file protein_5.cif (mmCIF, C-alpha atoms and all ligand atoms)
data_coords
#
loop_
_atom_site.label_atom_id
_atom_site.label_comp_id
_atom_site.auth_asym_id
_atom_site.auth_seq_id
_atom_site.Cartn_x
_atom_site.Cartn_y
_atom_site.Cartn_z
CA MET G 1 -17.11 15.79 9.58
CA SER G 2 -13.62 16.36 8.18
CA ARG G 3 -12.83 15.97 4.52
CA ILE G 4 -9.85 13.84 3.54
CA LEU G 5 -8.09 14.12 0.18
CA VAL G 6 -7.11 10.61 -0.95
CA THR G 7 -4.66 10.69 -3.83
CA GLY G 8 -4.52 7.38 -5.71
CA GLY G 9 -7.84 6.52 -4.11
CA MET G 10 -9.02 4.45 -7.07
CA GLY G 11 -6.14 2.04 -6.53
CA TYR G 12 -5.91 -1.12 -4.48
CA ILE G 13 -5.13 0.27 -1.03
CA GLY G 14 -6.66 3.70 -1.64
CA SER G 15 -10.08 2.33 -2.54
CA HIS G 16 -10.19 0.14 0.57
CA THR G 17 -9.09 3.11 2.68
CA THR G 18 -11.78 5.32 1.12
CA VAL G 19 -14.41 2.75 2.16
CA GLU G 20 -13.16 2.72 5.75
CA LEU G 21 -12.96 6.53 5.93
CA MET G 22 -16.47 7.00 4.59
CA GLN G 23 -17.85 4.34 6.92
CA GLN G 24 -16.37 6.35 9.79
CA GLY G 25 -18.22 9.42 8.53
CA TYR G 26 -15.39 11.24 6.78
CA LYS G 27 -16.03 13.10 3.53
CA VAL G 28 -13.59 11.93 0.85
CA THR G 29 -12.27 13.51 -2.30
CA ILE G 30 -10.35 11.07 -4.47
CA VAL G 31 -7.76 12.40 -6.90
CA ASP G 32 -6.57 9.78 -9.37
CA ASN G 33 -5.34 9.89 -12.98
CA LEU G 34 -6.53 6.31 -13.58
CA SER G 35 -3.05 5.32 -14.80
CA ASN G 36 -3.33 2.05 -12.88
CA SER G 37 -7.03 1.75 -12.04
CA ASN G 38 -10.43 2.19 -13.63
CA ILE G 39 -13.50 4.34 -13.06
CA GLY G 40 -15.58 1.28 -12.17
CA VAL G 41 -13.97 1.28 -8.72
CA LEU G 42 -16.27 4.20 -7.83
CA ASP G 43 -19.29 1.90 -8.32
CA GLY G 44 -17.74 -0.67 -6.00
CA ILE G 45 -17.12 1.93 -3.30
CA GLN G 46 -20.67 3.26 -3.65
CA ALA G 47 -22.14 -0.25 -3.49
CA ILE G 48 -20.32 -0.90 -0.22
CA VAL G 49 -20.75 2.45 1.48
CA GLY G 50 -24.09 3.59 0.03
CA GLU G 51 -22.72 6.84 -1.31
CA ARG G 52 -20.13 7.97 -3.83
CA PRO G 53 -16.95 9.81 -2.83
CA ASP G 54 -16.11 13.00 -4.71
CA PHE G 55 -13.77 12.15 -7.55
CA GLU G 56 -11.41 14.33 -9.60
CA GLN G 57 -9.54 12.72 -12.49
CA VAL G 58 -6.32 14.65 -12.08
CA ASP G 59 -2.59 13.94 -12.25
CA CYS G 60 -0.93 14.84 -8.95
CA ASN G 61 1.95 16.29 -10.94
CA ASP G 62 -0.40 18.86 -12.54
CA TYR G 63 0.07 21.87 -10.27
CA GLU G 64 -2.78 23.97 -11.73
CA ALA G 65 -5.28 21.11 -11.69
CA MET G 66 -4.34 20.13 -8.15
CA ASP G 67 -4.58 23.79 -7.08
CA ARG G 68 -8.15 23.81 -8.39
CA VAL G 69 -8.91 20.65 -6.38
CA PHE G 70 -7.77 22.30 -3.14
CA SER G 71 -9.81 25.42 -4.02
CA THR G 72 -12.88 23.33 -4.85
CA TYR G 73 -12.72 21.52 -1.50
CA PRO G 74 -11.62 24.15 1.05
CA ASP G 75 -12.66 21.82 3.88
CA ILE G 76 -9.81 19.35 3.22
CA GLU G 77 -8.14 18.76 6.59
CA ALA G 78 -5.73 15.95 5.75
CA VAL G 79 -4.24 14.18 2.77
CA ILE G 80 -3.49 10.48 2.37
CA HIS G 81 -0.98 10.20 -0.46
CA PHE G 82 -1.24 6.80 -2.18
CA ALA G 83 -0.68 8.02 -5.75
CA ALA G 84 2.53 6.57 -7.13
CA SER G 85 3.92 4.07 -9.61
CA LYS G 86 4.72 0.92 -7.64
CA ALA G 87 6.10 -1.84 -9.85
CA VAL G 88 9.63 -2.61 -8.72
CA GLY G 89 10.68 -4.30 -11.97
CA GLU G 90 9.25 -1.51 -14.13
CA SER G 91 11.11 1.05 -12.03
CA VAL G 92 14.40 -0.59 -13.01
CA GLU G 93 13.51 -0.29 -16.72
CA LYS G 94 11.99 3.22 -16.45
CA PRO G 95 13.68 5.02 -13.53
CA LEU G 96 12.93 8.55 -14.81
CA LEU G 97 9.19 7.79 -14.98
CA TYR G 98 9.32 6.67 -11.34
CA TYR G 99 11.36 9.63 -10.10
CA ARG G 100 9.17 12.12 -11.93
CA ASN G 101 5.90 10.53 -10.90
CA ASN G 102 6.60 9.52 -7.32
CA ILE G 103 8.78 12.43 -6.26
CA GLY G 104 7.21 15.11 -8.44
CA SER G 105 3.70 14.33 -7.19
CA LEU G 106 4.77 14.57 -3.56
CA ILE G 107 6.51 17.92 -4.08
CA THR G 108 3.46 19.34 -5.87
CA LEU G 109 1.22 18.08 -3.09
CA LEU G 110 3.35 19.55 -0.30
CA GLU G 111 3.56 22.93 -2.09
CA LEU G 112 -0.22 23.06 -2.43
CA MET G 113 -0.87 21.86 1.11
CA LYS G 114 1.22 24.79 2.32
CA LYS G 115 -0.57 27.22 0.00
CA HIS G 116 -3.98 26.03 1.19
CA ALA G 117 -3.02 25.61 4.85
CA VAL G 118 -3.63 21.84 4.89
CA ARG G 119 -1.32 20.65 7.60
CA ASN G 120 -1.67 16.86 7.80
CA ILE G 121 -0.32 14.19 5.47
CA VAL G 122 -0.26 10.41 5.69
CA PHE G 123 2.34 8.98 3.32
CA SER G 124 2.36 5.49 1.77
CA SER G 125 5.79 4.15 2.42
CA SER G 126 7.04 0.59 2.25
CA CYS G 127 9.04 -1.99 4.17
CA THR G 128 11.23 -1.97 1.11
CA VAL G 129 13.15 0.88 2.79
CA TYR G 130 14.63 -1.71 5.16
CA GLY G 131 16.05 -3.90 2.39
CA GLN G 132 17.13 -7.22 3.91
CA PRO G 133 17.32 -6.60 7.66
CA ASP G 134 20.11 -8.36 9.54
CA ALA G 135 19.02 -11.47 11.43
CA ASP G 136 19.26 -9.50 14.70
CA HIS G 137 16.87 -6.90 13.30
CA LEU G 138 14.02 -9.36 12.67
CA PRO G 139 11.18 -8.77 13.28
CA VAL G 140 11.95 -5.32 11.93
CA ASN G 141 10.94 -2.23 13.92
CA GLU G 142 10.90 1.42 12.88
CA ASP G 143 14.40 2.00 14.26
CA ALA G 144 15.96 -0.63 12.00
CA PRO G 145 18.54 0.84 9.65
CA ILE G 146 17.39 2.13 6.27
CA GLN G 147 19.46 0.29 3.70
CA LYS G 148 20.49 1.32 0.19
CA ALA G 149 17.44 0.89 -2.02
CA LEU G 150 17.50 -2.12 -4.33
CA SER G 151 15.36 -0.40 -6.99
CA PRO G 152 14.47 3.10 -8.18
CA TYR G 153 10.98 2.45 -6.79
CA GLY G 154 12.33 1.72 -3.32
CA ASN G 155 14.59 4.76 -3.65
CA THR G 156 11.59 7.01 -4.35
CA LYS G 157 10.08 5.90 -1.05
CA GLN G 158 13.27 6.67 0.84
CA ILE G 159 13.68 10.05 -0.89
CA ASN G 160 10.02 10.94 -0.25
CA GLU G 161 10.40 10.17 3.45
CA GLU G 162 13.39 12.52 3.55
CA ILE G 163 11.51 15.24 1.62
CA ILE G 164 8.69 15.09 4.17
CA ARG G 165 11.15 15.27 7.08
CA ASP G 166 12.98 18.25 5.53
CA GLU G 167 9.71 20.08 4.81
CA ALA G 168 8.52 19.43 8.38
CA HIS G 169 11.80 20.89 9.67
CA ALA G 170 11.16 24.03 7.61
CA ASP G 171 7.44 24.28 8.39
CA ALA G 172 6.49 23.81 12.05
CA ASP G 173 2.81 23.54 11.09
CA LEU G 174 3.24 20.33 9.04
CA ARG G 175 2.30 17.01 10.62
CA ALA G 176 3.14 13.77 8.84
CA ILE G 177 2.69 10.08 9.49
CA LEU G 178 4.79 7.70 7.39
CA LEU G 179 3.18 4.28 7.11
CA ARG G 180 5.58 1.52 6.03
CA TYR G 181 3.42 -1.25 4.58
CA PHE G 182 4.61 -4.84 4.43
CA ASN G 183 2.80 -7.08 1.93
CA PRO G 184 -0.87 -6.13 1.50
CA ILE G 185 -3.07 -8.96 0.18
CA GLY G 186 -6.73 -9.88 -0.06
CA ALA G 187 -9.87 -7.96 -0.97
CA HIS G 188 -12.89 -6.38 0.68
CA PRO G 189 -15.21 -9.13 2.07
CA SER G 190 -17.97 -7.90 -0.25
CA ALA G 191 -15.75 -8.80 -3.26
CA LEU G 192 -16.87 -5.48 -4.78
CA ILE G 193 -13.37 -3.99 -4.68
CA GLY G 194 -9.95 -5.62 -4.69
CA GLU G 195 -6.58 -5.68 -6.38
CA LEU G 196 -6.79 -5.00 -10.15
CA PRO G 197 -3.32 -5.78 -11.50
CA LEU G 198 -3.00 -4.68 -15.12
CA GLY G 199 -1.14 -7.21 -17.27
CA VAL G 200 0.85 -10.11 -15.82
CA PRO G 201 0.84 -9.78 -12.01
CA GLN G 202 4.26 -9.32 -10.42
CA ASN G 203 2.99 -9.90 -6.88
CA LEU G 204 2.39 -13.34 -5.39
CA LEU G 205 -1.29 -13.26 -4.49
CA PRO G 206 -2.80 -12.03 -7.75
CA PHE G 207 -0.64 -14.58 -9.58
CA VAL G 208 -1.90 -17.32 -7.25
CA THR G 209 -5.56 -16.39 -7.75
CA GLN G 210 -5.19 -16.00 -11.52
CA THR G 211 -3.48 -19.41 -11.71
CA ALA G 212 -6.26 -20.98 -9.62
CA ALA G 213 -8.78 -19.36 -11.98
CA GLY G 214 -7.03 -20.86 -15.00
CA ILE G 215 -5.89 -17.51 -16.36
CA ARG G 216 -2.21 -18.43 -15.78
CA LYS G 217 -0.85 -21.91 -16.53
CA GLU G 218 1.10 -22.39 -13.32
CA LEU G 219 2.60 -20.46 -10.44
CA LYS G 220 6.36 -20.26 -10.41
CA VAL G 221 7.73 -20.32 -6.86
CA PHE G 222 10.91 -18.30 -7.05
CA GLY G 223 13.35 -20.44 -5.11
CA ASP G 224 13.26 -22.97 -2.31
CA ASP G 225 16.95 -22.82 -1.44
CA TYR G 226 16.83 -19.87 0.93
CA ASN G 227 17.93 -20.11 4.53
CA THR G 228 14.34 -20.46 5.79
CA PRO G 229 12.48 -23.45 7.29
CA ASP G 230 11.01 -24.60 3.96
CA GLY G 231 13.54 -22.83 1.72
CA SER G 232 11.07 -20.29 0.29
CA CYS G 233 11.07 -16.57 1.07
CA ILE G 234 9.25 -15.20 4.09
CA ARG G 235 7.08 -12.06 4.11
CA ASP G 236 4.54 -10.34 6.37
CA TYR G 237 1.23 -10.60 4.51
CA ILE G 238 -1.25 -8.06 5.85
CA TYR G 239 -4.97 -7.92 5.03
CA VAL G 240 -5.66 -4.83 2.91
CA VAL G 241 -8.76 -3.98 5.01
CA ASP G 242 -6.69 -4.07 8.22
CA LEU G 243 -4.17 -1.84 6.44
CA ALA G 244 -6.94 0.56 5.41
CA LYS G 245 -8.15 0.81 8.99
CA ALA G 246 -4.67 1.87 10.09
CA HIS G 247 -5.00 4.93 7.84
CA VAL G 248 -8.20 5.96 9.62
CA LYS G 249 -6.35 5.63 12.92
CA ALA G 250 -3.49 7.75 11.57
CA VAL G 251 -5.86 10.49 10.37
CA GLU G 252 -7.71 10.46 13.71
CA ARG G 253 -4.40 10.80 15.53
CA MET G 254 -3.34 13.87 13.56
CA LEU G 255 -6.76 15.58 13.48
CA GLY G 256 -7.07 14.91 17.19
CA GLY G 257 -3.80 16.77 17.78
CA LYS G 258 -2.26 13.64 19.30
CA SER G 259 0.89 13.50 17.16
CA ALA G 260 3.84 13.18 19.55
CA GLU G 261 6.20 14.70 16.99
CA GLN G 262 5.94 16.38 13.61
CA VAL G 263 6.86 13.21 11.70
CA GLU G 264 5.90 9.78 13.05
CA VAL G 265 6.69 6.41 11.47
CA PHE G 266 4.74 3.16 11.85
CA ASN G 267 5.35 -0.32 10.48
CA LEU G 268 2.08 -1.85 9.29
CA GLY G 269 2.36 -5.61 9.41
CA THR G 270 0.94 -8.57 11.29
CA GLY G 271 4.16 -9.41 13.12
CA ARG G 272 4.14 -12.94 11.67
CA GLY G 273 6.20 -14.14 8.75
CA LEU G 274 4.81 -16.64 6.26
CA SER G 275 6.71 -18.42 3.50
CA VAL G 276 5.63 -18.57 -0.11
CA LEU G 277 5.01 -22.31 0.21
CA GLU G 278 2.93 -21.76 3.35
CA ILE G 279 0.79 -19.27 1.44
CA VAL G 280 0.42 -21.74 -1.42
CA ARG G 281 -0.52 -24.62 0.86
CA THR G 282 -2.96 -22.51 2.91
CA PHE G 283 -4.61 -21.16 -0.25
CA ILE G 284 -5.20 -24.70 -1.53
CA GLU G 285 -6.56 -25.83 1.86
CA VAL G 286 -8.89 -22.84 2.20
CA THR G 287 -10.29 -22.80 -1.33
CA GLY G 288 -10.07 -26.49 -2.26
CA VAL G 289 -9.03 -25.48 -5.78
CA LYS G 290 -6.12 -26.83 -7.78
CA LEU G 291 -3.09 -24.58 -7.85
CA PRO G 292 -0.44 -25.92 -10.22
CA TYR G 293 2.97 -24.63 -9.20
CA GLN G 294 6.59 -25.31 -9.89
CA ILE G 295 9.69 -24.43 -7.93
CA VAL G 296 12.05 -22.45 -10.17
CA GLY G 297 15.18 -20.36 -9.61
CA ARG G 298 15.35 -17.31 -7.41
CA ARG G 299 13.95 -13.96 -8.65
CA GLU G 300 16.64 -11.28 -8.90
CA GLY G 301 16.30 -8.64 -6.21
CA ASP G 302 14.21 -10.74 -3.83
CA ILE G 303 15.15 -10.49 -0.19
CA GLU G 304 15.12 -13.69 1.83
CA GLN G 305 12.94 -12.81 4.79
CA VAL G 306 11.30 -9.80 6.37
CA TRP G 307 8.41 -9.38 8.74
CA ALA G 308 7.28 -6.53 10.96
CA ASP G 309 7.43 -5.74 14.63
CA PRO G 310 4.09 -3.83 14.72
CA LYS G 311 4.33 -3.00 18.43
CA ARG G 312 4.44 0.78 17.94
CA ALA G 313 1.36 0.81 15.69
CA ASN G 314 -0.42 -1.56 18.06
CA GLU G 315 0.25 0.59 21.12
CA VAL G 316 0.28 4.13 19.71
CA LEU G 317 -2.40 3.84 17.02
CA GLY G 318 -4.42 1.28 18.94
CA TRP G 319 -4.44 -0.81 15.75
CA HIS G 320 -3.90 -4.51 15.15
CA ALA G 321 -3.77 -6.55 11.94
CA ASP G 322 -5.53 -9.61 13.27
CA THR G 323 -7.49 -11.07 10.36
CA PRO G 324 -6.56 -14.77 10.04
CA THR G 325 -4.53 -15.65 6.96
CA GLU G 326 -7.15 -18.19 5.95
CA ASP G 327 -9.83 -15.46 5.80
CA ILE G 328 -7.54 -13.13 3.85
CA LEU G 329 -6.80 -15.80 1.23
CA ALA G 330 -10.50 -16.66 1.00
CA SER G 331 -11.27 -12.97 0.33
CA ALA G 332 -8.66 -12.91 -2.47
CA TRP G 333 -10.22 -15.97 -4.09
CA LYS G 334 -13.78 -14.56 -3.73
CA TRP G 335 -12.60 -11.38 -5.48
CA GLN G 336 -10.95 -13.38 -8.29
CA CYS G 337 -14.19 -15.33 -8.78
CA HIS G 338 -16.09 -12.03 -8.92
CA LEU G 339 -13.68 -10.76 -11.60
CA SER G 340 -14.04 -14.00 -13.57
CA GLU G 341 -17.83 -13.59 -13.61
CA GLN G 342 -17.54 -10.17 -15.29
P1 LIG P 401 -2.20 1.08 -7.10
O1 LIG P 401 -1.39 1.21 -8.33
O2 LIG P 401 -3.32 0.11 -7.04
O3 LIG P 401 -2.82 2.51 -6.70
C1 LIG P 401 -2.13 3.71 -7.00
C2 LIG P 401 -3.14 4.65 -7.63
O4 LIG P 401 -2.50 5.89 -7.88
C3 LIG P 401 -3.69 4.13 -8.97
O5 LIG P 401 -5.09 4.22 -8.97
C4 LIG P 401 -3.08 5.09 -10.00
O6 LIG P 401 -3.97 5.32 -11.07
C5 LIG P 401 -2.87 6.34 -9.16
N1 LIG P 401 -1.78 7.23 -9.60
C6 LIG P 401 -0.51 6.88 -9.90
N2 LIG P 401 0.18 7.98 -10.24
C7 LIG P 401 -0.67 9.04 -10.14
C8 LIG P 401 -0.56 10.43 -10.36
N3 LIG P 401 0.58 11.00 -10.78
N4 LIG P 401 -1.65 11.21 -10.15
C9 LIG P 401 -2.82 10.67 -9.76
N5 LIG P 401 -3.00 9.35 -9.54
C10 LIG P 401 -1.92 8.56 -9.73
O7 LIG P 401 -1.17 0.82 -5.90
P2 LIG P 401 -1.44 0.36 -4.41
O8 LIG P 401 -0.99 -1.05 -4.29
O9 LIG P 401 -2.79 0.75 -3.98
O10 LIG P 401 -0.35 1.26 -3.64
C11 LIG P 401 -0.73 2.51 -3.12
C12 LIG P 401 0.50 3.12 -2.47
O11 LIG P 401 1.02 2.21 -1.50
C13 LIG P 401 1.64 3.39 -3.44
O12 LIG P 401 2.27 4.60 -3.06
C14 LIG P 401 2.58 2.22 -3.22
O13 LIG P 401 3.92 2.57 -3.50
C15 LIG P 401 2.39 1.96 -1.75
N6 LIG P 401 2.71 0.58 -1.36
C16 LIG P 401 2.08 -0.46 -1.96
C17 LIG P 401 2.40 -1.77 -1.58
C18 LIG P 401 1.75 -2.94 -2.24
O14 LIG P 401 2.28 -4.07 -2.10
N7 LIG P 401 0.64 -2.78 -2.93
C19 LIG P 401 3.34 -1.98 -0.58
C20 LIG P 401 3.96 -0.88 0.01
C21 LIG P 401 3.64 0.41 -0.39
C1 LIG P 402 6.38 -12.04 -2.42
C2 LIG P 402 7.12 -13.36 -2.44
C3 LIG P 402 8.54 -13.71 -4.33
C4 LIG P 402 5.44 -13.88 -7.35
C5 LIG P 402 6.91 -6.24 -3.56
C6 LIG P 402 7.68 -4.97 -3.62
C7 LIG P 402 7.41 -4.14 -2.38
C8 LIG P 402 5.93 -3.95 -2.21
C9 LIG P 402 5.22 -5.28 -2.16
C10 LIG P 402 5.39 -1.81 -3.15
C11 LIG P 402 8.56 -13.23 -2.89
C12 LIG P 402 7.41 -14.71 -4.31
C13 LIG P 402 6.10 -13.76 -6.15
C14 LIG P 402 5.45 -15.13 -8.04
C15 LIG P 402 6.77 -16.05 -6.27
N1 LIG P 402 5.40 -3.15 -3.26
N2 LIG P 402 6.74 -14.83 -5.62
N3 LIG P 402 6.12 -16.17 -7.46
O1 LIG P 402 8.59 -8.79 -3.63
O2 LIG P 402 7.84 -9.02 -1.21
O3 LIG P 402 7.34 -6.95 -2.43
O4 LIG P 402 5.52 -5.97 -3.40
O5 LIG P 402 5.78 -1.14 -2.26
O6 LIG P 402 8.05 -2.91 -2.54
O7 LIG P 402 9.05 -5.31 -3.63
O8 LIG P 402 6.13 -9.05 -3.02
O9 LIG P 402 4.33 -10.40 -3.95
O10 LIG P 402 6.25 -9.74 -5.49
O11 LIG P 402 6.61 -11.44 -3.70
O12 LIG P 402 7.37 -17.00 -5.77
O13 LIG P 402 4.89 -15.30 -9.16
O14 LIG P 402 6.48 -14.22 -3.38
O15 LIG P 402 9.76 -14.32 -4.69
O16 LIG P 402 9.34 -14.12 -2.12
P1 LIG P 402 7.59 -8.54 -2.57
P2 LIG P 402 5.77 -10.14 -4.13
#
call {"tool": "encode", "arguments": {"input": "protein_5.cif", "output": "structure tokens"}}
result
Amino acid sequence: MSRILVTGGMGYIGSHTTVELMQQGYKVTIVDNLSNSNIGVLDGIQAIVGERPDFEQVDCNDYEAMDRVFSTYPDIEAVIHFAASKAVGESVEKPLLYYRNNIGSLITLLELMKKHAVRNIVFSSSCTVYGQPDADHLPVNEDAPIQKALSPYGNTKQINEEIIRDEAHADADLRAILLRYFNPIGAHPSALIGELPLGVPQNLLPFVTQTAAGIRKELKVFGDDYNTPDGSCIRDYIYVVDLAKAHVKAVERMLGGKSAEQVEVFNLGTGRGLSVLEIVRTFIEVTGVKLPYQIVGRREGDIEQVWADPKRANEVLGWHADTPTEDILASAWKWQCHLSEQ
């Protein structure tokens, strides 16, 4: 069976994707520098799958070390590139770190893929490339206009998409699938892997679960004066396991020679928008736990509402994100309880 190189595979989405790949029989080599994850994730993956993926603790920006990885695993047939720095706020404070890490690692990877004749890459992109779509572009599809990035992080995603397109134009052998994720949430149903935010969580769900667990005093809901039904922002919250399964579909499509063009783009979302207050209310209903929260002012940089039109991924990849929100929130809480027991 084919071997897949999963960069950033010790992270939130990468670890869930590694589980799904291995359960489909793929061999996996994870490359991760553990800058935002820990080695214990390997135990979680092994406990779920029954075997350990190959793991190389390497920085994707380290050309020589990455060259050795490709030489050590000559059967690599595709790469899924998750490795990146992903905190929007941090990217505003430390833009050079984000440009070096996120763009440098992709360039190194593409150079080595060419050297080692690895022709397939799946790239982790983000709905952030759409900015705030116009009302007539909601739900947002892949043809919606790319808007000026609101953060250096978002800009690295846009630049990386362009780098891949330019490299594909220069190298007819390269196949790429750009996956634009909406808002991944939840954890594996086993509660053996999940999101491991270091420090104070910036994202909604880990802050919700940490507040419910008593780690945080209260959840601040950033604004209820938006032009939405309940005044809070709307997002497309997709179950991380459904998201992981889309990566298996993308790899199968490329390895099966089914790519319709050198570079394909897919929005990965549920197609339904949920407000912050709906998430809060559903979490409380599902778990029965107290969740102290307070409505405060808007967070700078937040867009009002965005959710996906996932039709292309549904039809072309044969993939659907259909896990009920209630089950996703229950999985997030089960994971938080597992963390609290440790
Ligand atoms: P994460 O931080 O949990 O995982 C990223 C992993 O990459 C971490 O394990 C980190 O140690 C590793 N890493 C970072 N830089 C590296 C480097 N130079 N070399 C080797 N390893 C490196 O993040 P995630 O939430 O799993 O996101 C994975 C990808 O998906 C990222 O590219 C992110 O931009 C993208 N994405 C995430 C979201 C989200 O909401 N989580 C949404 C859209 C896109
Ligand atoms: C969701 C909603 C907040 C925390 C970010 C990145 C995006 C992608 C996913 C990488 C918003 C509200 C949040 C809190 C709150 N990451 N919120 N209180 O901002 O949609 O997207 O993560 O690619 O690029 O921008 O996700 O989870 O931070 O916020 O009210 O304590 O929850 O205002 O409306 P976001 P988020």
call {"tool": "closest_atom_pairs", "arguments": {"input": "protein_5.cif", "of": "chain G", "to": "ligand LIG 402 (chain P)", "cutoff": "8 Å", "atoms": "all atoms listed in the file", "output": "Markdown table"}}
result
| residue | atom | partner | partner_atom | distance |
| --- | --- | --- | --- | --- |
| G:Lys86 | CA | P:LIG402 | C10 | 5.3 |
| G:Ala87 | CA | P:LIG402 | C10 | 6.7 |
| G:Val88 | CA | P:LIG402 | O7 | 5.8 |
| G:Ser125 | CA | P:LIG402 | O5 | 7.1 |
| G:Ser126 | CA | P:LIG402 | O5 | 5.0 |
| G:Cys127 | CA | P:LIG402 | O6 | 6.8 |
| G:Thr128 | CA | P:LIG402 | O6 | 4.9 |
| G:Tyr153 | CA | P:LIG402 | O6 | 7.4 |
| G:Gly154 | CA | P:LIG402 | O6 | 6.4 |
| G:Tyr181 | CA | P:LIG402 | O5 | 7.2 |
| G:Phe182 | CA | P:LIG402 | C9 | 6.6 |
| G:Asn183 | CA | P:LIG402 | C9 | 5.1 |
| G:Pro184 | CA | P:LIG402 | C9 | 7.2 |
| G:Pro201 | CA | P:LIG402 | O13 | 7.4 |
| G:Gln202 | CA | P:LIG402 | O10 | 5.3 |
| G:Asn203 | CA | P:LIG402 | O9 | 3.3 |
| G:Leu204 | CA | P:LIG402 | C4 | 3.7 |
| G:Leu205 | CA | P:LIG402 | O9 | 6.3 |
| G:Phe207 | CA | P:LIG402 | O13 | 5.6 |
| G:Val208 | CA | P:LIG402 | O13 | 7.3 |
| G:Leu219 | CA | P:LIG402 | O13 | 5.8 |
| G:Lys220 | CA | P:LIG402 | N3 | 5.0 |
| G:Val221 | CA | P:LIG402 | O12 | 3.5 |
| G:Phe222 | CA | P:LIG402 | O12 | 4.0 |
| G:Gly223 | CA | P:LIG402 | O12 | 6.9 |
| G:Ser232 | CA | P:LIG402 | O16 | 6.8 |
| G:Cys233 | CA | P:LIG402 | O16 | 4.4 |
| G:Ile234 | CA | P:LIG402 | O16 | 6.3 |
| G:Arg235 | CA | P:LIG402 | O2 | 6.2 |
| G:Ser275 | CA | P:LIG402 | O16 | 7.5 |
| G:Val276 | CA | P:LIG402 | O14 | 5.5 |
| G:Arg298 | CA | P:LIG402 | O15 | 6.9 |
| G:Arg299 | CA | P:LIG402 | O15 | 5.8 |
| G:Asp302 | CA | P:LIG402 | O15 | 5.8 |
| G:Ile303 | CA | P:LIG402 | O16 | 7.1 |
| G:Glu304 | CA | P:LIG402 | O16 | 7.0 |
| G:Gln305 | CA | P:LIG402 | O16 | 7.9 |
call {"tool": "closest_residue", "arguments": {"input": "protein_5.cif", "among": "G:Gln24, G:Ala47, G:Val251, G:Ile328", "to": "G:Leu5", "atoms": "only C-alpha atoms"}}
result
G:Val251
call {"tool": "closest_atom_pairs", "arguments": {"input": "protein_5.cif", "of": "stretch 97-164 of chain G", "to": "stretch 74-82 of chain G", "cutoff": "9 Å", "atoms": "all atoms listed in the file", "output": "Markdown table"}}
result
| residue | atom | partner | partner_atom | distance |
| --- | --- | --- | --- | --- |
| G:Leu106 | CA | G:His81 | CA | 7.9 |
| G:Leu109 | CA | G:His81 | CA | 8.6 |
| G:Met113 | CA | G:Val79 | CA | 8.5 |
| G:His116 | CA | G:Pro74 | CA | 7.9 |
| G:Ala117 | CA | G:Glu77 | CA | 8.7 |
| G:Val118 | CA | G:Glu77 | CA | 5.7 |
| G:Arg119 | CA | G:Ala78 | CA | 6.7 |
| G:Asn120 | CA | G:Ala78 | CA | 4.6 |
| G:Ile121 | CA | G:Val79 | CA | 4.8 |
| G:Val122 | CA | G:Ile80 | CA | 4.6 |
| G:Phe123 | CA | G:His81 | CA | 5.2 |
| G:Ser124 | CA | G:Phe82 | CA | 5.5 |
| G:Ser125 | CA | G:Phe82 | CA | 8.8 |
call {"tool": "residues_near_ligand", "arguments": {"input": "protein_5.cif", "ligand": "ligand LIG 401 (chain P)", "cutoff": "9 Å", "atoms": "all atoms listed in the file", "output": "PyMOL selection string"}}
result
chain G and resi 7-16+31-38+57-62+81-87+100-102+104-105+123-128+153-154+156-157+179-185+195-197+203+240
call {"tool": "atom_distance", "arguments": {"input": "protein_5.cif", "atom1": "atom CA of G:Lys148", "atom2": "atom CA of G:Leu317"}}
result
28.5 Å
call {"tool": "axis_aligned_box", "arguments": {"input": "protein_5.cif", "around": "stretch 94-97 of chain G", "padding_each_side": "6 Å", "output": "AutoDock Vina command-line options"}}
result
--center_x 11.4 --center_y 5.9 --center_z -15.0 --size_x 16.5 --size_y 17.3 --size_z 14.9
call {"tool": "residues_around", "arguments": {"input": "protein_5.cif", "residues": "G:Lys217", "least_positions_apart": "3", "cutoff": "10 Å", "atoms": "only C-alpha atoms", "output": "list of chain:residue names"}}
result
G:Gln210, G:Thr211, G:Ala212, G:Ala213, G:Gly214, G:Lys220, G:Leu291, G:Pro292, G:Tyr293
call {"tool": "residues_near_point", "arguments": {"input": "protein_5.cif", "point": "(0.4, -13.9, 7.7)", "cutoff": "12 Å", "atoms": "all atoms listed in the file", "output": "ChimeraX atom specification"}}
result
/G:182-186,234-240,269-276,278-279,282-283,306-308,321-329
call {"tool": "closest_residue", "arguments": {"input": "protein_5.cif", "among": "G:Lys258, G:Ile193, G:Ile215, G:Thr17", "to": "G:Gly40", "atoms": "only C-alpha atoms"}}
result
G:Ile193
call {"tool": "closest_residue", "arguments": {"input": "protein_5.cif", "among": "G:Glu261, G:Glu285, G:Glu341, G:Glu93", "to": "G:Ala176", "atoms": "only C-alpha atoms"}}
result
G:Glu261
call {"tool": "closest_residue", "arguments": {"input": "protein_5.cif", "among": "G:Lys27, G:Tyr99, G:Met22, G:Ala187", "to": "G:Asn155", "atoms": "only C-alpha atoms"}}
result
G:Tyr99
call {"tool": "atom_distance", "arguments": {"input": "protein_5.cif", "atom1": "atom CA of G:Trp319", "atom2": "atom CA of G:Pro229"}}
result
29.5 Å
call {"tool": "atom_distance", "arguments": {"input": "protein_5.cif", "atom1": "atom CA of G:Thr108", "atom2": "atom CA of G:Arg165"}}
result
15.6 Å
call {"tool": "closest_residue", "arguments": {"input": "protein_5.cif", "among": "G:Asp136, G:Pro152, G:Tyr73, G:Leu178", "to": "G:Tyr98", "atoms": "only C-alpha atoms"}}
result
G:Pro152
